[in-house]
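Here is the file final.cif (mmCIF, C-alpha atoms).
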data_coords
loop_
_atom_site.label_atom_id
_atom_site.label_comp_id
_atom_site.auth_asym_id
_atom_site.auth_seq_id
_atom_site.Cartn_x
_atom_site.Cartn_y
_atom_site.Cartn_z
CA MET A 155 9.18 14.39 -8.78
CA ALA A 156 10.37 12.02 -11.46
CA ASN A 157 7.98 10.85 -14.14
CA LEU A 158 7.06 7.23 -14.83
CA LYS A 159 9.59 6.94 -17.63
CA GLU A 160 12.48 7.83 -15.34
CA LEU A 161 11.13 5.69 -12.49
CA SER A 162 10.92 2.64 -14.75
CA LYS A 163 14.62 2.89 -15.56
CA ARG A 164 15.70 2.76 -11.92
CA PRO A 165 16.80 -0.50 -10.24
CA ASP A 166 14.25 -2.79 -8.61
CA GLY A 167 14.16 -3.60 -4.92
CA PHE A 168 11.24 -5.97 -4.92
CA SER A 169 10.91 -9.03 -7.13
CA PRO A 170 7.93 -10.85 -8.64
CA GLY A 171 7.06 -14.38 -7.56
CA HIS A 172 5.44 -13.29 -4.28
CA ARG A 173 2.21 -15.04 -3.31
CA LEU A 174 -0.07 -12.04 -2.80
CA CYS A 175 -3.47 -12.48 -4.43
CA ALA A 176 -3.94 -11.55 -8.07
CA GLY A 177 -4.98 -7.90 -8.06
CA CYS A 178 -3.58 -7.05 -4.62
CA GLY A 179 -2.59 -3.39 -4.32
CA ILE A 180 0.20 -3.80 -1.77
CA PRO A 181 3.19 -4.59 -4.12
CA ILE A 182 2.79 -1.19 -5.77
CA ILE A 183 4.07 0.41 -2.54
CA PRO A 184 7.48 -1.38 -2.28
CA LYS A 185 7.91 -1.17 -6.04
CA LEU A 186 7.71 2.63 -5.85
CA LEU A 187 9.55 2.83 -2.53
CA TYR A 188 12.77 1.51 -4.06
CA LYS A 189 12.31 3.52 -7.25
CA VAL A 190 11.90 6.97 -5.72
CA THR A 191 15.13 7.12 -3.76
CA ASP A 192 18.87 6.54 -4.01
CA TYR A 193 19.16 5.68 -0.32
CA ASP A 194 19.86 2.12 0.72
CA ILE A 195 16.80 0.99 2.61
CA VAL A 196 16.39 -1.56 5.40
CA VAL A 197 12.84 -2.86 5.78
CA ALA A 198 11.10 -4.53 8.71
CA SER A 199 7.60 -5.85 8.33
CA ALA A 200 4.89 -6.70 10.81
CA THR A 201 3.01 -9.96 10.35
CA GLY A 202 0.28 -9.58 7.79
CA CYS A 203 -0.55 -10.45 4.20
CA PHE A 204 2.51 -8.66 2.98
CA GLU A 205 4.97 -10.46 5.22
CA VAL A 206 3.57 -13.97 4.87
CA ALA A 207 3.22 -13.69 1.10
CA THR A 208 6.63 -12.21 0.35
CA THR A 209 8.82 -14.14 2.78
CA ILE A 210 7.65 -17.75 2.66
CA TYR A 211 10.71 -19.66 3.84
CA PRO A 212 13.09 -20.34 2.10
CA TYR A 213 12.02 -17.78 -0.48
CA THR A 214 12.01 -14.01 -0.31
CA SER A 215 10.76 -11.39 -2.73
CA TRP A 216 13.02 -8.74 -1.25
CA LEU A 217 16.17 -7.84 -3.13
CA LYS A 218 17.30 -5.54 -0.30
CA PRO A 219 17.76 -6.15 3.46
CA PHE A 220 14.59 -7.27 5.20
CA VAL A 221 13.99 -8.04 8.89
CA HIS A 222 11.29 -10.46 9.86
CA SER A 223 9.31 -9.24 12.82
CA ALA A 224 6.32 -10.23 14.95
CA PHE A 225 2.83 -8.78 14.66
CA GLU A 226 3.15 -6.07 17.27
CA ASN A 227 6.73 -4.89 17.01
CA ALA A 228 7.72 -3.86 13.49
CA ALA A 229 8.21 -0.27 14.69
CA ALA A 230 10.25 -1.44 17.70
CA THR A 231 12.40 -3.73 15.52
CA ILE A 232 13.19 -1.00 13.01
CA SER A 233 13.90 1.45 15.88
CA GLY A 234 16.48 -1.00 17.18
CA VAL A 235 18.09 -1.40 13.77
CA GLU A 236 18.21 2.38 13.38
CA ALA A 237 19.72 2.84 16.86
CA MET A 238 22.39 0.23 16.04
CA TYR A 239 23.21 2.08 12.81
CA GLN A 240 23.62 5.37 14.71
CA SER A 241 25.85 3.65 17.26
CA LEU A 242 28.05 1.90 14.67
CA LYS A 243 28.41 5.19 12.83
CA LYS A 244 29.55 6.87 16.07
CA GLN A 245 32.06 4.08 16.64
CA GLY A 246 33.41 4.53 13.13
CA LYS A 247 32.44 1.02 12.01
CA ILE A 248 30.15 2.43 9.31
CA PRO A 249 31.57 5.34 7.23
CA ALA A 250 29.94 8.62 8.25
CA ASN A 251 28.90 9.40 4.68
CA ARG A 252 27.07 6.09 4.20
CA LYS A 253 23.41 7.01 4.47
CA LEU A 254 20.88 4.33 5.25
CA LYS A 255 17.14 4.68 5.62
CA PHE A 256 14.83 2.52 7.67
CA VAL A 257 11.31 1.57 6.71
CA ALA A 258 8.70 -0.48 8.55
CA PHE A 259 5.65 -1.99 6.87
CA GLY A 260 2.52 -2.95 8.71
CA GLY A 261 -0.99 -3.83 7.69
CA ASP A 262 -3.93 -2.11 9.30
CA GLY A 263 -4.21 -4.89 11.90
CA GLY A 264 -0.51 -4.66 12.70
CA THR A 265 -0.63 -0.87 12.85
CA TYR A 266 -4.06 0.35 13.97
CA ASP A 267 -4.55 -2.40 16.56
CA ILE A 268 -1.71 -4.68 17.54
CA GLY A 269 1.34 -2.58 16.70
CA LEU A 270 0.00 0.81 17.79
CA GLN A 271 1.95 0.81 21.05
CA SER A 272 5.35 0.16 19.46
CA LEU A 273 4.55 2.59 16.64
CA SER A 274 3.70 5.29 19.17
CA GLY A 275 6.93 4.58 21.02
CA ALA A 276 9.04 4.77 17.87
CA LEU A 277 7.43 8.04 16.77
CA GLU A 278 7.91 9.56 20.22
CA ARG A 279 11.59 8.54 20.47
CA GLY A 280 12.23 10.24 17.14
CA HIS A 281 14.05 7.49 15.27
CA ASP A 282 14.89 8.20 11.65
CA ILE A 283 12.30 5.80 10.26
CA VAL A 284 9.39 5.75 7.85
CA TYR A 285 6.43 3.68 8.95
CA ILE A 286 4.17 2.66 6.06
CA CYS A 287 0.78 1.24 6.89
CA TYR A 288 -1.02 -0.46 4.01
CA ASP A 289 -4.63 -0.15 5.00
CA ASN A 290 -6.92 -2.75 3.46
CA GLY A 291 -9.47 -2.39 6.20
CA ALA A 292 -9.50 -5.77 7.98
CA TYR A 293 -7.35 -8.74 8.98
CA MET A 294 -7.34 -10.07 5.43
CA ASN A 295 -4.49 -12.52 5.97
CA THR A 296 -6.36 -14.60 8.54
CA GLY A 297 -9.68 -14.49 6.72
CA ILE A 298 -11.26 -11.03 6.86
CA GLN A 299 -11.84 -10.27 10.53
CA ARG A 300 -12.79 -6.72 11.50
CA SER A 301 -10.04 -4.36 12.62
CA SER A 302 -10.27 -0.80 13.85
CA ALA A 303 -9.58 0.25 10.25
CA THR A 304 -12.70 -1.48 8.91
CA PRO A 305 -15.19 1.11 7.62
CA TYR A 306 -18.52 1.62 9.31
CA GLY A 307 -21.09 -0.72 7.79
CA ALA A 308 -18.62 -3.17 6.20
CA SER A 309 -19.40 -6.85 6.50
CA THR A 310 -16.54 -9.04 7.75
CA THR A 311 -16.49 -12.53 9.24
CA THR A 312 -16.52 -11.10 12.78
CA SER A 313 -19.01 -8.34 11.98
CA PRO A 314 -21.27 -10.21 9.56
CA ALA A 315 -24.18 -8.33 8.06
CA GLY A 316 -27.50 -10.03 8.65
CA LYS A 317 -30.79 -9.47 10.39
CA VAL A 318 -29.21 -8.20 13.61
CA ILE A 319 -26.45 -5.83 12.51
CA PRO A 320 -25.65 -4.12 9.19
CA GLY A 321 -21.96 -4.99 9.32
CA LYS A 322 -19.45 -3.23 11.56
CA MET A 323 -21.15 -0.71 13.81
CA GLN A 324 -18.14 1.40 14.77
CA ARG A 325 -16.29 4.13 12.91
CA ARG A 326 -12.81 3.69 11.51
CA LYS A 327 -10.02 4.94 13.69
CA ASP A 328 -8.24 7.99 12.23
CA LEU A 329 -4.70 6.70 12.53
CA THR A 330 -2.92 9.37 10.49
CA ASN A 331 -4.15 12.00 12.91
CA ILE A 332 -3.09 9.83 15.86
CA ALA A 333 0.39 9.76 14.31
CA LEU A 334 0.19 13.54 13.82
CA ALA A 335 -0.48 13.98 17.51
CA HIS A 336 3.09 12.83 18.18
CA HIS A 337 4.21 16.17 16.64
CA ILE A 338 6.26 14.41 13.99
CA GLU A 339 7.48 16.35 10.98
CA TYR A 340 5.76 14.24 8.37
CA ALA A 341 2.56 12.24 8.36
CA ALA A 342 0.47 11.58 5.30
CA GLN A 343 -2.44 9.62 3.96
CA THR A 344 -2.42 8.39 0.39
CA ALA A 345 -3.74 5.60 -1.85
CA VAL A 346 -2.19 3.18 -4.34
CA SER A 347 -4.48 4.45 -7.11
CA HIS A 348 -2.66 7.82 -7.17
CA TRP A 349 0.90 6.77 -7.97
CA ASN A 350 2.22 10.31 -8.18
CA ASP A 351 0.86 11.27 -4.78
CA LEU A 352 2.14 7.97 -3.32
CA ALA A 353 5.62 8.35 -4.84
CA THR A 354 5.92 11.98 -3.73
CA LYS A 355 4.92 11.11 -0.17
CA LEU A 356 7.30 8.13 0.00
CA GLN A 357 10.09 10.41 -1.16
CA LYS A 358 9.24 13.14 1.36
CA GLY A 359 9.03 10.59 4.16
CA LEU A 360 12.45 9.17 3.31
CA ASP A 361 14.10 12.58 2.95
CA ILE A 362 13.14 13.69 6.45
CA ASP A 363 15.62 13.03 9.26
CA GLY A 364 13.21 11.77 11.83
CA PRO A 365 10.09 9.68 12.06
CA ALA A 366 7.53 9.80 9.27
CA PHE A 367 4.23 8.00 9.01
CA ILE A 368 2.38 7.19 5.78
CA CYS A 369 -0.99 5.47 5.63
CA VAL A 370 -1.74 3.99 2.21
CA MET A 371 -5.13 2.66 1.18
CA SER A 372 -4.59 -0.67 -0.50
CA PRO A 373 -7.45 -2.63 -2.07
CA CYS A 374 -8.15 -6.27 -1.19
CA VAL A 375 -9.89 -8.50 -3.72
CA PRO A 376 -11.25 -11.26 -1.41
CA GLY A 377 -11.96 -8.92 1.50
CA TRP A 378 -13.71 -6.13 -0.35
CA MET A 379 -15.29 -8.57 -2.81
CA TYR A 380 -14.88 -7.05 -6.26
CA PRO A 381 -13.38 -8.41 -9.53
CA SER A 382 -9.57 -8.36 -9.44
CA ASP A 383 -9.18 -6.00 -12.41
CA GLN A 384 -11.12 -3.28 -10.53
CA SER A 385 -8.48 -2.82 -7.79
CA ILE A 386 -7.26 0.58 -8.94
CA GLU A 387 -10.74 1.77 -9.88
CA VAL A 388 -12.20 0.88 -6.46
CA THR A 389 -9.38 2.71 -4.69
CA ARG A 390 -9.70 5.70 -7.02
CA MET A 391 -13.41 5.88 -6.27
CA ALA A 392 -12.67 5.89 -2.51
CA VAL A 393 -10.67 9.07 -3.15
CA GLU A 394 -13.16 10.58 -5.62
CA THR A 395 -16.10 10.11 -3.23
CA GLY A 396 -14.12 11.70 -0.41
CA TYR A 397 -14.12 8.58 1.75
CA TRP A 398 -10.32 8.48 1.65
CA PRO A 399 -8.89 12.01 1.48
CA LEU A 400 -5.26 12.44 0.45
CA PHE A 401 -3.62 14.82 2.91
CA GLU A 402 -0.31 15.44 4.59
CA MET A 403 1.23 17.32 7.50
CA ASP A 404 4.60 18.52 6.30
CA HIS A 405 6.77 20.49 8.75
CA GLY A 406 3.75 21.96 10.49
CA VAL A 407 1.78 22.73 7.33
CA PHE A 408 -1.41 20.79 6.79
CA ARG A 409 -2.40 20.23 3.17
CA VAL A 410 -5.21 18.38 1.43
CA ASN A 411 -3.33 17.18 -1.67
CA TYR A 412 -6.26 16.21 -3.81
CA ARG A 413 -9.75 17.66 -3.99
CA PRO A 414 -12.16 15.76 -6.22
CA LYS A 415 -13.51 18.17 -8.85
CA GLN A 416 -16.99 16.99 -8.07
CA LYS A 417 -17.34 15.00 -4.89
CA LEU A 418 -19.38 11.92 -5.79
CA PRO A 419 -21.83 10.41 -3.29
CA VAL A 420 -20.15 7.78 -1.13
CA ALA A 421 -22.73 5.21 -2.32
CA ASP A 422 -20.91 5.19 -5.68
CA TRP A 423 -17.91 3.69 -3.91
CA LEU A 424 -19.92 1.36 -1.68
CA LYS A 425 -21.81 -0.25 -4.55
CA LEU A 426 -18.59 -1.46 -6.18
CA GLN A 427 -17.86 -3.78 -3.27
CA GLY A 428 -19.50 -6.96 -2.00
CA ARG A 429 -18.72 -6.12 1.61
CA PHE A 430 -21.27 -3.25 1.44
CA ARG A 431 -23.84 -5.10 -0.66
CA HIS A 432 -26.29 -5.46 2.24
CA LEU A 433 -26.46 -1.66 2.67
CA PHE A 434 -28.51 -1.41 -0.50
CA ARG A 435 -31.36 -3.33 1.12
CA PRO A 436 -34.20 -0.92 1.98
CA GLU A 437 -33.90 -1.48 5.76
CA TYR A 438 -30.24 -0.42 5.83
CA THR A 439 -30.30 2.76 3.74
CA TYR A 440 -29.83 4.73 6.97
CA VAL A 441 -26.31 3.25 7.19
CA ILE A 442 -25.36 4.77 3.82
CA GLU A 443 -26.70 8.12 5.01
CA GLU A 444 -24.65 7.77 8.17
CA ILE A 445 -21.47 6.99 6.17
CA GLN A 446 -22.14 10.04 3.96
CA ARG A 447 -22.57 12.19 7.07
CA GLN A 448 -19.27 10.87 8.49
CA VAL A 449 -17.47 11.68 5.22
CA ASP A 450 -18.89 15.22 5.12
CA ASP A 451 -17.95 15.72 8.78
CA TYR A 452 -14.45 14.57 8.09
CA TRP A 453 -13.98 17.03 5.22
CA GLU A 454 -15.14 19.80 7.53
CA TYR A 455 -12.53 18.66 10.01
CA LEU A 456 -9.86 18.71 7.27
CA ALA A 457 -10.85 22.28 6.37
CA HIS A 458 -10.39 23.28 10.03
CA MET A 459 -6.99 21.58 10.08
CA GLU A 460 -5.94 23.50 6.97
CA GLN A 461 -6.95 26.75 8.63
CA ALA A 462 -5.15 25.83 11.83
CA PHE A 463 -1.89 24.86 10.12
CA PRO A 464 -1.65 27.11 7.05
CA ALA A 465 1.28 27.41 4.67
CA PRO A 466 3.64 30.23 5.69
CA PRO A 467 3.17 33.44 3.65
CA LYS A 468 5.64 33.75 0.80
CA MET B 44 12.14 -27.34 -7.19
CA PHE B 45 13.47 -26.53 -3.75
CA LYS B 46 15.59 -29.22 -2.08
CA LEU B 47 15.47 -29.41 1.72
CA LYS B 48 18.74 -28.50 3.42
CA ASN B 49 20.07 -30.35 6.43
CA TRP B 50 20.66 -28.50 9.71
CA LYS B 51 24.30 -27.80 8.96
CA GLU B 52 23.47 -26.10 5.66
CA VAL B 53 20.70 -23.82 6.94
CA PRO B 54 22.00 -20.30 7.70
CA ILE B 55 21.96 -19.27 11.37
CA GLY B 56 18.64 -17.84 12.50
CA GLY B 57 16.81 -19.18 9.46
CA ALA B 58 18.08 -16.22 7.45
CA VAL B 59 17.42 -16.29 3.71
CA ASP B 60 20.75 -15.64 1.99
CA GLN B 61 19.48 -15.39 -1.57
CA PRO B 62 17.66 -12.10 -2.16
CA GLY B 63 14.79 -12.32 -4.60
CA SER B 64 14.66 -16.13 -4.46
CA ALA B 65 10.88 -15.93 -4.79
CA MET B 66 11.53 -15.57 -8.51
CA GLU B 67 11.95 -19.33 -8.62
CA ASN B 68 8.26 -19.48 -7.88
CA LYS B 69 6.51 -18.93 -11.20
CA THR B 70 3.16 -17.43 -10.23
CA GLY B 71 2.12 -17.33 -13.88
CA SER B 72 0.54 -20.75 -13.34
CA TRP B 73 -2.27 -19.04 -11.38
CA ARG B 74 -3.49 -17.25 -14.47
CA VAL B 75 -6.98 -17.80 -15.88
CA GLU B 76 -6.96 -14.90 -18.34
CA ARG B 77 -3.86 -13.64 -20.09
CA PRO B 78 -3.24 -9.99 -20.95
CA VAL B 79 -2.29 -9.54 -24.59
CA TRP B 80 -0.35 -6.40 -25.40
CA ASN B 81 -0.70 -4.67 -28.75
CA SER B 82 2.56 -2.87 -29.55
CA GLU B 83 0.98 -0.81 -32.32
CA LYS B 84 -1.72 0.72 -30.14
CA CYS B 85 0.51 1.28 -27.10
CA ILE B 86 1.47 4.89 -26.32
CA HIS B 87 3.98 3.87 -23.60
CA CYS B 88 2.31 5.87 -20.82
CA LEU B 89 3.53 3.16 -18.37
CA ARG B 90 0.34 3.17 -16.32
CA CYS B 91 0.20 -0.63 -16.58
CA TRP B 92 3.81 -0.80 -15.45
CA VAL B 93 3.23 1.27 -12.32
CA TYR B 94 0.02 -0.49 -11.28
CA CYS B 95 1.06 -4.08 -12.07
CA PRO B 96 1.24 -5.85 -8.69
CA ASP B 97 3.51 -8.57 -10.05
CA MET B 98 6.19 -6.48 -11.76
CA SER B 99 5.21 -8.34 -14.93
CA VAL B 100 5.22 -5.50 -17.44
CA ASN B 101 8.67 -5.49 -18.99
CA THR B 102 10.22 -2.15 -19.84
CA LEU B 103 13.40 -1.10 -21.58
CA ASP B 104 14.56 2.53 -21.65
CA GLY B 105 11.15 3.79 -20.54
CA LYS B 106 9.23 1.82 -23.17
CA ILE B 107 7.07 -1.22 -22.69
CA THR B 108 8.49 -4.32 -24.36
CA GLY B 109 5.94 -6.93 -23.37
CA ILE B 110 4.42 -8.92 -20.54
CA ASN B 111 6.24 -11.44 -18.40
CA TYR B 112 3.97 -14.49 -18.43
CA ASP B 113 6.21 -16.28 -15.92
CA TYR B 114 4.82 -14.15 -13.09
CA CYS B 115 1.66 -12.46 -14.42
CA LYS B 116 -1.26 -13.72 -12.31
CA GLY B 117 -3.81 -12.42 -14.81
CA CYS B 118 -5.55 -9.98 -12.46
CA GLY B 119 -6.45 -7.67 -15.36
CA ILE B 120 -5.39 -4.39 -13.72
CA CYS B 121 -3.17 -3.52 -16.72
CA ALA B 122 -6.06 -3.82 -19.16
CA GLN B 123 -8.29 -1.75 -16.86
CA VAL B 124 -5.84 1.13 -16.26
CA CYS B 125 -4.89 1.37 -19.94
CA PRO B 126 -6.32 4.76 -21.10
CA GLU B 127 -9.85 4.59 -22.50
CA LYS B 128 -8.81 5.81 -25.97
CA VAL B 129 -5.88 3.42 -26.26
CA LYS B 130 -6.87 0.05 -24.79
CA ALA B 131 -3.69 -1.64 -25.97
CA ILE B 132 -4.09 -4.56 -23.54
CA THR B 133 -6.91 -7.07 -23.82
CA MET B 134 -7.64 -10.02 -21.56
CA GLN B 135 -8.02 -13.35 -23.33
CA PRO B 136 -8.88 -16.71 -21.80
CA GLU B 137 -5.88 -18.93 -21.09
CA GLN B 138 -5.75 -21.92 -23.46
#
File written out as structure tokens:
Amino acid sequence: MANLKELSKRPDGFSPGHRLCAGCGIPIIPKLLYKVTDYDIVVASATGCFEVATTIYPYTSWLKPFVHSAFENAAATISGVEAMYQSLKKQGKIPANRKLKFVAFGGDGGTYDIGLQSLSGALERGHDIVYICYDNGAYMNTGIQRSSATPYGASTTTSPAGKVIPGKMQRRKDLTNIALAHHIEYAAQTAVSHWNDLATKLQKGLDIDGPAFICVMSPCVPGWMYPSDQSIEVTRMAVETGYWPLFEMDHGVFRVNYRPKQKLPVADWLKLQGRFRHLFRPEYTYVIEEIQRQVDDYWEYLAHMEQAFPAPPK
Amino acid sequence: MFKLKNWKEVPIGGAVDQPGSAMENKTGSWRVERPVWNSEKCIHCLRCWVYCPDMSVNTLDGKITGINYDYCKGCGICAQVCPEKVKAITMQPEQ
């Protein structure tokens, strides 16, 4: 893995001037994506913050090929592009040694909910693609509606916290493990606050000949309701409290990549964000306990996964 | 500023034929607070460079050379991720 000094000397693939909010975590992903690899990359993006903010006609922030796609079919679009590349290569219209890589971006709405079907299809057909989901935990682009990635207890405009409910009453869907269930060679979960982990996983995903899936936690200033300079800190705390574990399944070996030295209580992460503010009222403390129980459960599950898919003996 | 094209000039399919044309859009005008970089304190760890969402930390040969105020939206991430003992970037109100 290259260090930051070497990465900063590499050519850019993504330009400034995009209209994402100040403090948005998403641009860190494409910035690193183009830095970690020498491959030429073709990107398709599902509708979401990222697409509408970077490709406002007639402007584009992309310095490399980009395909505009609908909400539900980024994975299907990129599958088609990849299939065309394979065909043209067979016909001799693209030199056999010219290596291209194909990447699809989707938000959590476009991946967990609306695009899940086309993602599942693309993973099953085994196209040589990398699907990157930036998970900011709601439909932020349209004004913070709940998605199946929204954490339990979070207040959104369609699951507003009040006297009746303490925010969203359902658990977050575990999409990385749904992707894993397609028996793909590489699936990983990471966060923008850990650039080294993110860069390593992007590189691994691109190097594999076959489908790879990477779910990246990306903070959202208006949706999570915190000051814009705290973006990286909020995401780091999600990892430190164990809410967002960094793990990967790499060629049949399951690894937890980062274990917090001392796992902080999940309330330390919740209290940084306005969307969980209501949980600190006395009547809703049981929700915090429930979230803590879910986190502990999930770490137990990760431990079982590590036992079930251990590294081969050296 | 962008001039509208007529239908004969627009590329087929509404394709954008100028990569990176968003750079015409100077998002620096959004800024309320400006990050000020102190070259003497800086240890060139590049944490601000990697976490800047607007690619607004300029680098040359692996060293930071300044901040691009054309695009910096003033989110303050750079000042926050700067190591505790260094704090080479401070946020100051825009005049």
Close residues, A:Val449 itself excluded, 12 Å, all atoms listed in the file, min 5 positions apart in chain, as a list in words: Pro305, Tyr306, Arg325, Arg326, Ala392, Val393, Glu394, Thr395, Gly396, Tyr397, Trp398, Pro399, Lys417, Leu418, Pro419, Val420, Ala421, Ile442, Glu443, Glu444, Glu454, Tyr455 and Leu456 of chain A
Identify every residue of chain B that has at least one atom within 6 Å of any atom of chain A, counting all atoms listed in the file, and report the result as a PyMOL selection string. chain B and resi 62-66+68-70+96-98+105+114+116+118-120
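Those DNA, RNA and protein residues that approach the point (-3.9, -19.6, -13.5) to within 8 Å, considering only C-alpha atoms, are B:Gly71, B:Ser72, B:Trp73, B:Arg74, B:Val75, B:Glu76, B:Lys116, B:Gly117, B:Glu137.
For the pair atom CA of A:Trp423 and atom CA of A:Met391, the interatomic distance is 5.5 Å.
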I need the residue set behind the PyMOL selection byres ((chain A and resi 260) around 9) for this file; please write it as a PyMOL selection string. chain A and resi 198-202+204-205+225+228-229+258-259+261-265+269+285-289
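Note that atom CA of A:Val388 and atom CA of B:Ala131 are 21.4 Å apart.
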The PyMOL selection byres ((chain A and resi 232) around 10) on the file shown: which residues, as a PDB file with C-alpha atoms, keeping the file's coordinate frame?
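See out33.pdb below for the written result:
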ATOM      1  CA  VAL A 196      16.390  -1.560   5.400  1.00  0.00           C
ATOM      2  CA  VAL A 197      12.840  -2.860   5.780  1.00  0.00           C
ATOM      3  CA  ALA A 198      11.100  -4.530   8.710  1.00  0.00           C
ATOM      4  CA  SER A 199       7.600  -5.850   8.330  1.00  0.00           C
ATOM      5  CA  VAL A 221      13.990  -8.040   8.890  1.00  0.00           C
ATOM      6  CA  SER A 223       9.310  -9.240  12.820  1.00  0.00           C
ATOM      7  CA  ASN A 227       6.730  -4.890  17.010  1.00  0.00           C
ATOM      8  CA  ALA A 228       7.720  -3.860  13.490  1.00  0.00           C
ATOM      9  CA  ALA A 229       8.210  -0.270  14.690  1.00  0.00           C
ATOM     10  CA  ALA A 230      10.250  -1.440  17.700  1.00  0.00           C
ATOM     11  CA  THR A 231      12.400  -3.730  15.520  1.00  0.00           C
ATOM     12  CA  SER A 233      13.900   1.450  15.880  1.00  0.00           C
ATOM     13  CA  GLY A 234      16.480  -1.000  17.180  1.00  0.00           C
ATOM     14  CA  VAL A 235      18.090  -1.400  13.770  1.00  0.00           C
ATOM     15  CA  GLU A 236      18.210   2.380  13.380  1.00  0.00           C
ATOM     16  CA  ALA A 237      19.720   2.840  16.860  1.00  0.00           C
ATOM     17  CA  MET A 238      22.390   0.230  16.040  1.00  0.00           C
ATOM     18  CA  PHE A 256      14.830   2.520   7.670  1.00  0.00           C
ATOM     19  CA  VAL A 257      11.310   1.570   6.710  1.00  0.00           C
ATOM     20  CA  ALA A 258       8.700  -0.480   8.550  1.00  0.00           C
ATOM     21  CA  PHE A 259       5.650  -1.990   6.870  1.00  0.00           C
ATOM     22  CA  ALA A 276       9.040   4.770  17.870  1.00  0.00           C
ATOM     23  CA  HIS A 281      14.050   7.490  15.270  1.00  0.00           C
ATOM     24  CA  ASP A 282      14.890   8.200  11.650  1.00  0.00           C
ATOM     25  CA  ILE A 283      12.300   5.800  10.260  1.00  0.00           C
ATOM     26  CA  VAL A 284       9.390   5.750   7.850  1.00  0.00           C
ATOM     27  CA  TYR A 285       6.430   3.680   8.950  1.00  0.00           C
TER      28      TYR A 285
END
Rounded to one decimal in Å, what is the spacing between atom CA of A:Tyr193 and atom CA of A:Lys358? 12.5 Å
B:Pro136 proximity check over B:Tyr94, B:Pro78, B:Ile107, B:Lys46, using only C-alpha atoms: winner is B:Pro78
Residues near B:Asn101, anyone? I mean within 8 Å using all atoms listed in the file, not counting same-chain ones fewer than 2 positions away, as an MDAnalysis selection string. chainID B and resid 92 98:99 103 107:111
Selection file, C-alpha atoms, as a CSV table (one decimal), keeping the file's coordinate frame:
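Once written, out_4.csv looks like this:
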chain,number,residue,atom,x,y,z
B,92,TRP,CA,3.8,-0.8,-15.4
B,98,MET,CA,6.2,-6.5,-11.8
B,99,SER,CA,5.2,-8.3,-14.9
B,103,LEU,CA,13.4,-1.1,-21.6
B,107,ILE,CA,7.1,-1.2,-22.7
B,108,THR,CA,8.5,-4.3,-24.4
B,109,GLY,CA,5.9,-6.9,-23.4
B,110,ILE,CA,4.4,-8.9,-20.5
B,111,ASN,CA,6.2,-11.4,-18.4
Matched chain/residue IDs from the PyMOL selection byres ((chain A and resi 434) around 12), as a ChimeraX atom specification: /A:307,315,320,421-422,424-433,435-443
Find the residues around stretch 402-408 of chain A up to 12 Å (only C-alpha atoms counted), leave out those fewer than 3 positions away in its own chain, and share them as a ChimeraX atom specification. /A:330-331,333-344,351-352,354-356,358-359,361-370,399,411-412,455-467
